[in-house]
Amino acid sequence: MILTVDIGNTNIVMGGYENGALAFSTRISTDKSLEADQYALELSGILRLYRVPAERIEGAILSSVVPQITDTVARALRLFAGVEPLRLSQALPTGVTVRIDNPAELGADLLAGAVAARIKYPLPAIVIDMGTATKLTAVDADGAVQGVSIMPGLFISLNALISGASQLGGIAAEAPRRAIGKNTVESMQSGVVFGAAGMLDGMIERFEAELGPVKTVIATGGAAGCVVPHCRHAVAHVPTLILDGLYAMYCQAAGRPVPNSLDKR
């Protein structure tokens, strides 16, 4: 089994790939205060839950946008799985050219998403990652990253709305029955969910105006599931996109063929 780990500002997402397919995936909260042995206990407990003994772990790869804990999680993987994880960066043979002013600025999660798009989907593509921030990445017909747009994530926006408006309370981030809200909860849900969907639709159109017509729009991240169904553009929801990209990169770096399950659709 190959472990894939994506360290984000809010969550750490981990998946296990075996025989070319995803065997499990899960997430835990990102906690900068934990030590390596504490992360090792938490992650090894998840493996026990899925009945995966440590001796089945052949290797691991991680991406991270939280430099403060990258080494900590890498040490945790060494402690409980006995493997030295690869770290996704542009130093690896990703096959993705990064055509931005400073390629080193591109986050490892965005690179993993671009790798997955290049391998799995018809290009050009727009990759949407709705996590702590909402990020759109333009991938051209050659599989190169042409640029990115970054905006506050859905949950950050919702929390800012609640904390900044005295008469607005907490709500579930789910779509209401109608766009024109008849009460405070409906009104907030409409703004948060339908507003996010409308923003994505508008940004897709702006990207296509610069990139040209795209063949694929893919969305991943914790907020994508409640927003994507309400977009007017066709957007594929792929929760494991970043993990798929990481696994594909591990295979390429190890000189293994990319499994058919990750080939372009």
# chains A, B, ... in the order shown; residues from 1 in each chain; ligands from 1
>>> residues_around(residues="range 11-19 of chain A", least_positions_apart="2", cutoff="8 Å", atoms="only C-alpha atoms", output="VMD selection string")
chain A and resid 1 to 9 21 to 30 243 247
>>> residues_around(residues="Gly59 in chain A", least_positions_apart="6", cutoff="10 Å", atoms="only C-alpha atoms", output="MDAnalysis selection string")
chainID A and resid 1:4 77:78 81:86 250 254
>>> closest_residue(among="A:Ala114, A:Val185, A:Val139, A:Met130", to="Val227 in chain A", atoms="only C-alpha atoms")
A:Met130
>>> atom_distance(atom1="CA of Ala197 in chain A", atom2="CA of Arg232 in chain A")
7.9 Å
>>> residues_around(residues="Ala179 in chain A", least_positions_apart="2", cutoff="9 Å", atoms="only C-alpha atoms", output="VMD selection string")
chain A and resid 175 to 177 181 186 to 187 189 to 191 194
>>> write_last_selection(atoms="C-alpha atoms", output="PDB file, in the first residue's frame")
ATOM      1  CA  ALA A 175     -28.507  24.989  -0.204  1.00  0.00           C
ATOM      2  CA  PRO A 176     -31.936  26.433   0.671  1.00  0.00           C
ATOM      3  CA  ARG A 177     -35.068  25.702  -1.377  1.00  0.00           C
ATOM      4  CA  GLY A 181     -34.699  33.782   1.103  1.00  0.00           C
ATOM      5  CA  GLU A 186     -32.536  30.848   4.033  1.00  0.00           C
ATOM      6  CA  SER A 187     -31.105  34.229   3.112  1.00  0.00           C
ATOM      7  CA  GLN A 189     -27.677  29.885   2.913  1.00  0.00           C
ATOM      8  CA  SER A 190     -28.650  31.397  -0.417  1.00  0.00           C
ATOM      9  CA  GLY A 191     -25.822  33.895  -0.252  1.00  0.00           C
ATOM     10  CA  PHE A 194     -25.685  29.983  -4.429  1.00  0.00           C
TER      11      PHE A 194
END
>>> atom_distance(atom1="CA of Cys231 in chain A", atom2="CA of Pro122 in chain A")
20.1 Å
>>> closest_residue(among="A:Glu105, A:Asp129, A:Glu55, A:Asp31", to="Thr70 in chain A", atoms="only C-alpha atoms")
A:Asp31
>>> closest_residue(among="A:Ala196, A:Val145, A:Val98, A:Leu211", to="Ala224 in chain A", atoms="only C-alpha atoms")
A:Ala196
>>> select_by_dssp(residues="range 111-166 of chain A", states="alpha helix (DSSP H)", output="list in words")
Leu111, Ala112, Gly113, Ala114, Val115, Ala116, Ala117, Arg118, Ile119, Lys120, Leu154, Phe155, Ile156, Ser157, Leu158, Asn159, Ala160, Leu161, Ile162, Ser163 and Gly164 of chain A
>>> closest_residue(among="A:Glu42, A:Ala74, A:Val238, A:Ser163", to="Gly222 in chain A", atoms="only C-alpha atoms")
A:Val238
>>> atom_distance(atom1="CA of His233 in chain A", atom2="CA of Pro124 in chain A")
15.2 Å
>>> closest_residue(among="A:Val214, A:Leu200, A:Ile61, A:Leu92", to="Asp244 in chain A", atoms="only C-alpha atoms")
A:Ile61
>>> closest_atom_pairs(of="range 46-76 of chain A", to="range 107-110 of chain A", cutoff="10 Å", atoms="only C-alpha atoms", output="Markdown table")
| residue | atom | partner | partner_atom | distance |
| --- | --- | --- | --- | --- |
| A:Leu62 | CA | A:Ala108 | CA | 8.9 |
| A:Ser63 | CA | A:Ala108 | CA | 5.3 |
| A:Ser64 | CA | A:Ala108 | CA | 6.0 |
| A:Val65 | CA | A:Gly107 | CA | 6.2 |
| A:Val66 | CA | A:Gly107 | CA | 9.9 |
>>> closest_residue(among="A:Leu34, A:Arg56, A:Ile46, A:Asp142", to="Val73 in chain A", atoms="only C-alpha atoms")
A:Leu34
>>> select_by_dssp(residues="range 79-258 of chain A", states="strand (DSSP E)", output="MDAnalysis selection string")
chainID A and resid 86:87 125:130 133:139 145:152 216:220 236:237
